[in-house]
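Peer 1: Starting off with a structure, shown below.
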Amino acid sequence: MPPSVALTVARYRPEREAEPTFQNYEIPFRKDWVVLDALNHVKDHLDGSLSFRWSCRMGVCGSCGMKVNGTPKLTCATFLSDYLPGPIRVEPLDYFPVVRDLVVDLTDFMRKLKQVKPWIIRKEEKPPSEGEYLQTPDQLDTYKQFSMCINCMLCYSACPIYGLEPSFIGPAAIALAQRYNMDSRDHGATERLKILSEHDGIWQCTFVGECTKVCPKHVDPAGAIQQYKLTGATHWVKSLLLPWGTR
Amino acid sequence: MSGGPQYTLYHPRWYRRRVSVWWWLQKWSYTGFVLRELTSVFVAFSALVYLWQLRALTQGPGAYGQFLARLRTPLFLIVDTIAFIFVLFHAITWFNLTPKAMVLRLRGKRVPDWVIVGLNYAACLALSGVVAFMLVRG
């Protein structure tokens, strides 16, 4: 086992440089260290000016998404030992504007997420005194996979369509829309279909499939989009054959 | 209060990376995607040839014979072979995509992806077998 490993980190300091550069750090190698531990070592002992986001260290908060050797990864779940002998290249996620070093701006996603109405929409709300909206384990099972999304943005960074057409709503937002569409308590599918079947919605996706490959929570956004395409197409055919039935 | 706080000084200076012209060579899945987009032309070509064949069939044996003779020319043989390879490529993509788009549930359990993909391939092989049988029998 090597005593140390080289870390090549993308730096962007807007007050100093017009575009990112790379900086090398030699960090001690430990078998139980993940890339995030290495970055924290740099921050604590070598260079306090390095900026990156992190919070939970356990694959729940979705803050520490970065590109490791070219692949979008949660750095808290990416072990140094898988990249030996190094060097390990750490860069900010693709297709998002870089604020500083490894920190990207996610405003675009937050706006799109809100557009797809990721909450339970009811035709009529029943009063709290009547109790909860009940659901069977089978009903939960139909959408549970999509509810595991932690908004880490690895799928956007892996999606060339989002890179080429930034107006594309994108994998995570569509998967989250599908999470609510499939929820037995929700009545908002028609409202969401209007947004998702537009030009920037599901039809932009051409099934590259990388979003599903990089997803650390096995959400399968590519699957969500293809399922939604089937829903959208069925709805379109129905609206042609039975124009009064789809209103 | 006069003036904004210091930390907003460089705020608008975000760096936006430009997508390289060669992005589609970075991964096989990206290359495959671009290849699918480009080769859809060959799928359209195959569909047109089938329509042409149907038209020739309706016009009688003479026209159909002429159609078959055209198909035997070297240019058609080359283009048809290339088209066949790409149609196969698209068929495989579609077969693999089916379980993603269609989630089947039996007794509350999701039917595994490999079963749906397998059924597609089995149906394709069975139909190809039937066609081959009919051709061999003449």
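Identifiers in this document derive from the order of the structure tokens: chains are assigned A, B, ..., residues are numbered from 1 separately in each chain, and ligands are numbered from 1 in order of occurrence.
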Taking only residues of chain B that have an atom at most 10 Å from an atom of chain A, what is each one's shortest atom pair and its distance in Å to one decimal, using only C-alpha atoms, in chain and number order, as JSON lines?
Peer 2:
{"residue": "B:Leu9", "atom": "CA", "partner": "A:Glu15", "partner_atom": "CA", "distance": 8.6}
{"residue": "B:Tyr10", "atom": "CA", "partner": "A:Pro14", "partner_atom": "CA", "distance": 6.2}
{"residue": "B:His11", "atom": "CA", "partner": "A:Val99", "partner_atom": "CA", "distance": 7.6}
{"residue": "B:Pro12", "atom": "CA", "partner": "A:Val99", "partner_atom": "CA", "distance": 8.6}
{"residue": "B:Arg13", "atom": "CA", "partner": "A:Pro14", "partner_atom": "CA", "distance": 6.0}
{"residue": "B:Trp14", "atom": "CA", "partner": "A:Val99", "partner_atom": "CA", "distance": 5.0}
{"residue": "B:Tyr15", "atom": "CA", "partner": "A:Val98", "partner_atom": "CA", "distance": 4.9}
{"residue": "B:Arg16", "atom": "CA", "partner": "A:Pro97", "partner_atom": "CA", "distance": 4.7}
{"residue": "B:Arg17", "atom": "CA", "partner": "A:Tyr95", "partner_atom": "CA", "distance": 6.9}
{"residue": "B:Arg18", "atom": "CA", "partner": "A:Tyr95", "partner_atom": "CA", "distance": 8.2}
{"residue": "B:Val19", "atom": "CA", "partner": "A:Gly163", "partner_atom": "CA", "distance": 6.8}
{"residue": "B:Trp23", "atom": "CA", "partner": "A:Pro160", "partner_atom": "CA", "distance": 8.0}
{"residue": "B:Trp24", "atom": "CA", "partner": "A:Pro160", "partner_atom": "CA", "distance": 8.3}
{"residue": "B:Gln26", "atom": "CA", "partner": "A:Gly70", "partner_atom": "CA", "distance": 9.3}
{"residue": "B:Lys27", "atom": "CA", "partner": "A:Glu210", "partner_atom": "CA", "distance": 9.6}
{"residue": "B:Trp28", "atom": "CA", "partner": "A:Val208", "partner_atom": "CA", "distance": 10.0}
{"residue": "B:Ser29", "atom": "CA", "partner": "A:Val208", "partner_atom": "CA", "distance": 6.2}
{"residue": "B:Tyr30", "atom": "CA", "partner": "A:Val208", "partner_atom": "CA", "distance": 6.5}
{"residue": "B:Thr31", "atom": "CA", "partner": "A:Val208", "partner_atom": "CA", "distance": 9.3}
{"residue": "B:Gly32", "atom": "CA", "partner": "A:Val208", "partner_atom": "CA", "distance": 7.9}
{"residue": "B:Phe33", "atom": "CA", "partner": "A:Val208", "partner_atom": "CA", "distance": 5.7}
{"residue": "B:Val34", "atom": "CA", "partner": "A:Val208", "partner_atom": "CA", "distance": 9.1}
{"residue": "B:Arg36", "atom": "CA", "partner": "A:Thr206", "partner_atom": "CA", "distance": 9.2}
{"residue": "B:Glu37", "atom": "CA", "partner": "A:Thr206", "partner_atom": "CA", "distance": 8.5}
{"residue": "B:Thr93", "atom": "CA", "partner": "A:Phe207", "partner_atom": "CA", "distance": 9.3}
{"residue": "B:Leu97", "atom": "CA", "partner": "A:Gln226", "partner_atom": "CA", "distance": 8.0}
{"residue": "B:Thr98", "atom": "CA", "partner": "A:Gln226", "partner_atom": "CA", "distance": 8.7}
{"residue": "B:Pro99", "atom": "CA", "partner": "A:Gly223", "partner_atom": "CA", "distance": 8.1}
{"residue": "B:Lys100", "atom": "CA", "partner": "A:Gly223", "partner_atom": "CA", "distance": 4.4}
{"residue": "B:Ala101", "atom": "CA", "partner": "A:Gln227", "partner_atom": "CA", "distance": 4.1}
{"residue": "B:Met102", "atom": "CA", "partner": "A:Gln227", "partner_atom": "CA", "distance": 6.3}
{"residue": "B:Val103", "atom": "CA", "partner": "A:Gln227", "partner_atom": "CA", "distance": 7.8}
{"residue": "B:Arg105", "atom": "CA", "partner": "A:Thr142", "partner_atom": "CA", "distance": 9.4}
{"residue": "B:Arg107", "atom": "CA", "partner": "A:Asp138", "partner_atom": "CA", "distance": 9.7}
{"residue": "B:Gly108", "atom": "CA", "partner": "A:Asp138", "partner_atom": "CA", "distance": 6.2}
{"residue": "B:Lys109", "atom": "CA", "partner": "A:Asp138", "partner_atom": "CA", "distance": 8.2}
{"residue": "B:Arg110", "atom": "CA", "partner": "A:Thr142", "partner_atom": "CA", "distance": 8.7}
Peer 1: Keeping C-alpha atoms, export the residues of the selection given above as a short mmCIF file (atom, residue, chain, number, x, y, z; two decimals), in the first residue's frame.
Peer 2:
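The result, written out as again-v2.cif:
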data_model
loop_
_atom_site.label_atom_id
_atom_site.label_comp_id
_atom_site.auth_asym_id
_atom_site.auth_seq_id
_atom_site.Cartn_x
_atom_site.Cartn_y
_atom_site.Cartn_z
CA LEU B 9 -17.49 41.43 -5.72
CA TYR B 10 -16.70 38.33 -7.84
CA HIS B 11 -20.18 36.87 -7.66
CA PRO B 12 -21.07 37.24 -11.36
CA ARG B 13 -17.78 35.78 -12.50
CA TRP B 14 -18.96 32.21 -12.76
CA TYR B 15 -17.03 29.97 -15.06
CA ARG B 16 -19.10 28.21 -17.69
CA ARG B 17 -17.26 25.38 -19.33
CA ARG B 18 -17.89 24.99 -23.04
CA VAL B 19 -18.88 21.54 -24.22
CA TRP B 23 -17.68 15.17 -26.18
CA TRP B 24 -19.28 12.18 -27.89
CA GLN B 26 -15.47 10.46 -24.24
CA LYS B 27 -17.60 7.39 -23.49
CA TRP B 28 -19.00 4.50 -25.49
CA SER B 29 -22.55 5.35 -24.33
CA TYR B 30 -22.13 8.88 -25.77
CA THR B 31 -20.73 7.53 -29.05
CA GLY B 32 -23.57 5.00 -29.18
CA PHE B 33 -26.09 7.79 -28.72
CA VAL B 34 -24.66 9.89 -31.57
CA ARG B 36 -28.12 6.06 -33.05
CA GLU B 37 -29.08 9.60 -34.00
CA THR B 93 -31.41 -0.65 -28.23
CA LEU B 97 -35.10 -0.14 -23.43
CA THR B 98 -38.43 -2.00 -23.16
CA PRO B 99 -38.20 -2.92 -19.44
CA LYS B 100 -37.29 0.71 -18.68
CA ALA B 101 -40.41 2.04 -20.41
CA MET B 102 -42.81 -0.76 -19.45
CA VAL B 103 -42.92 -1.81 -15.85
CA ARG B 105 -46.21 -6.24 -12.25
CA ARG B 107 -49.01 -10.39 -8.14
CA GLY B 108 -47.67 -7.08 -6.87
CA LYS B 109 -44.03 -7.90 -7.78
CA ARG B 110 -42.14 -6.21 -10.58
#
Peer 1: Determine which residues of stretch 3-212 of chain A receive a DSSP assignment of helix (DSSP H, G or I), computed from the backbone, and state them as number ranges by chain.
Peer 2: A: 35-46, 75-77, 80-83, 107-115, 128-130, 137-147, 154-158, 160-164, 171-181, 189-196, 202-204, 210-212
Peer 1: Apply DSSP to the backbone of this structure and, from chain B, keep only the residues in strand (DSSP E); write these as an MDAnalysis selection string.
Peer 2: chainID B and resid 105:106 109:110
Peer 1: Would you put the residues from that selection into a file with N, CA and C atoms, as a compact mmCIF listing (two decimals), in the first residue's frame?
Peer 2:
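Saved as part.txt:
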# COMPACT_ATOMS: atom_id res chain seq x y z
N ARG B 105 -46.10 -5.70 -13.61
CA ARG B 105 -46.21 -6.24 -12.25
C ARG B 105 -47.07 -7.48 -12.26
N LEU B 106 -46.56 -8.53 -11.63
CA LEU B 106 -47.33 -9.77 -11.51
C LEU B 106 -47.48 -10.05 -10.02
N LYS B 109 -45.51 -7.93 -7.65
CA LYS B 109 -44.03 -7.90 -7.78
C LYS B 109 -43.66 -7.46 -9.20
N ARG B 110 -42.61 -6.68 -9.27
CA ARG B 110 -42.14 -6.21 -10.58
C ARG B 110 -41.47 -7.36 -11.34
Peer 1: Do a neighbour search on A:Val34 at 9 Å with only C-alpha atoms, toss out local chain neighbours closer than 4 positions, and write the hits as a PyMOL selection string.
Peer 2: chain A and resi 30+38-39+75-81
Peer 1: Keeping N, CA and C atoms for every residue in the selection just given, could you write it to a file as a short mmCIF file (atom, residue, chain, number, x, y, z; two decimals), in the first residue's frame?
Peer 2:
data_model
loop_
_atom_site.label_atom_id
_atom_site.label_comp_id
_atom_site.auth_asym_id
_atom_site.auth_seq_id
_atom_site.Cartn_x
_atom_site.Cartn_y
_atom_site.Cartn_z
N ARG A 30 -4.89 6.40 3.10
CA ARG A 30 -5.46 5.50 4.12
C ARG A 30 -6.55 4.69 3.47
N ALA A 38 -9.97 13.07 1.69
CA ALA A 38 -8.74 13.62 1.12
C ALA A 38 -8.88 15.14 0.95
N LEU A 39 -10.04 15.57 0.45
CA LEU A 39 -10.25 17.01 0.26
C LEU A 39 -10.26 17.73 1.61
N THR A 75 -18.43 12.14 -3.56
CA THR A 75 -17.05 11.94 -3.07
C THR A 75 -17.02 11.27 -1.69
N CYS A 76 -18.15 11.29 -0.98
CA CYS A 76 -18.19 10.63 0.33
C CYS A 76 -18.31 9.12 0.20
N ALA A 77 -18.57 8.64 -1.02
CA ALA A 77 -18.74 7.20 -1.22
C ALA A 77 -17.76 6.68 -2.26
N THR A 78 -16.69 7.44 -2.49
CA THR A 78 -15.71 7.06 -3.51
C THR A 78 -14.35 6.86 -2.84
N PHE A 79 -13.96 5.61 -2.70
CA PHE A 79 -12.74 5.31 -1.93
C PHE A 79 -11.47 5.56 -2.74
N LEU A 80 -10.49 6.12 -2.05
CA LEU A 80 -9.19 6.38 -2.69
C LEU A 80 -8.59 5.09 -3.21
N SER A 81 -8.82 3.99 -2.46
CA SER A 81 -8.18 2.71 -2.82
C SER A 81 -8.63 2.22 -4.20
#
Peer 1: Provide the atom CA of A:Val116 to atom CA of B:Val111 distance in Å, to one decimal place.
Peer 2: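 It comes out at 28.6 Å.
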Peer 1: Excluding B:Phe95 and any residue of its chain fewer than 6 positions from it, enumerate the residues within 9 Å of it, using only C-alpha atoms, and give them as a PDB file with N, CA and C atoms, in the first residue's frame.
Peer 2:
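Contents of the output file out21.pdb:
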ATOM      1  N   ILE B 116     -38.340  -9.434 -19.428  1.00  0.00           N
ATOM      2  CA  ILE B 116     -38.967  -8.654 -20.499  1.00  0.00           C
ATOM      3  C   ILE B 116     -38.043  -8.591 -21.718  1.00  0.00           C
ATOM      4  N   VAL B 117     -36.746  -8.322 -21.460  1.00  0.00           N
ATOM      5  CA  VAL B 117     -35.771  -8.276 -22.569  1.00  0.00           C
ATOM      6  C   VAL B 117     -35.713  -9.645 -23.245  1.00  0.00           C
ATOM      7  N   GLY B 118     -35.670 -10.702 -22.427  1.00  0.00           N
ATOM      8  CA  GLY B 118     -35.588 -12.070 -22.935  1.00  0.00           C
ATOM      9  C   GLY B 118     -36.780 -12.408 -23.816  1.00  0.00           C
ATOM     10  N   ASN B 120     -38.561 -10.364 -25.552  1.00  0.00           N
ATOM     11  CA  ASN B 120     -38.389  -9.643 -26.816  1.00  0.00           C
ATOM     12  C   ASN B 120     -37.492 -10.422 -27.769  1.00  0.00           C
ATOM     13  N   TYR B 121     -36.327 -10.852 -27.235  1.00  0.00           N
ATOM     14  CA  TYR B 121     -35.383 -11.587 -28.078  1.00  0.00           C
ATOM     15  C   TYR B 121     -35.989 -12.917 -28.526  1.00  0.00           C
TER      16      TYR B 121
END
Peer 1: For A:Lys117, which of A:Gly170, A:Pro2, A:Gly188, A:Gly59 is the closest residue, counting only C-alpha atoms?
Peer 2: A:Gly188
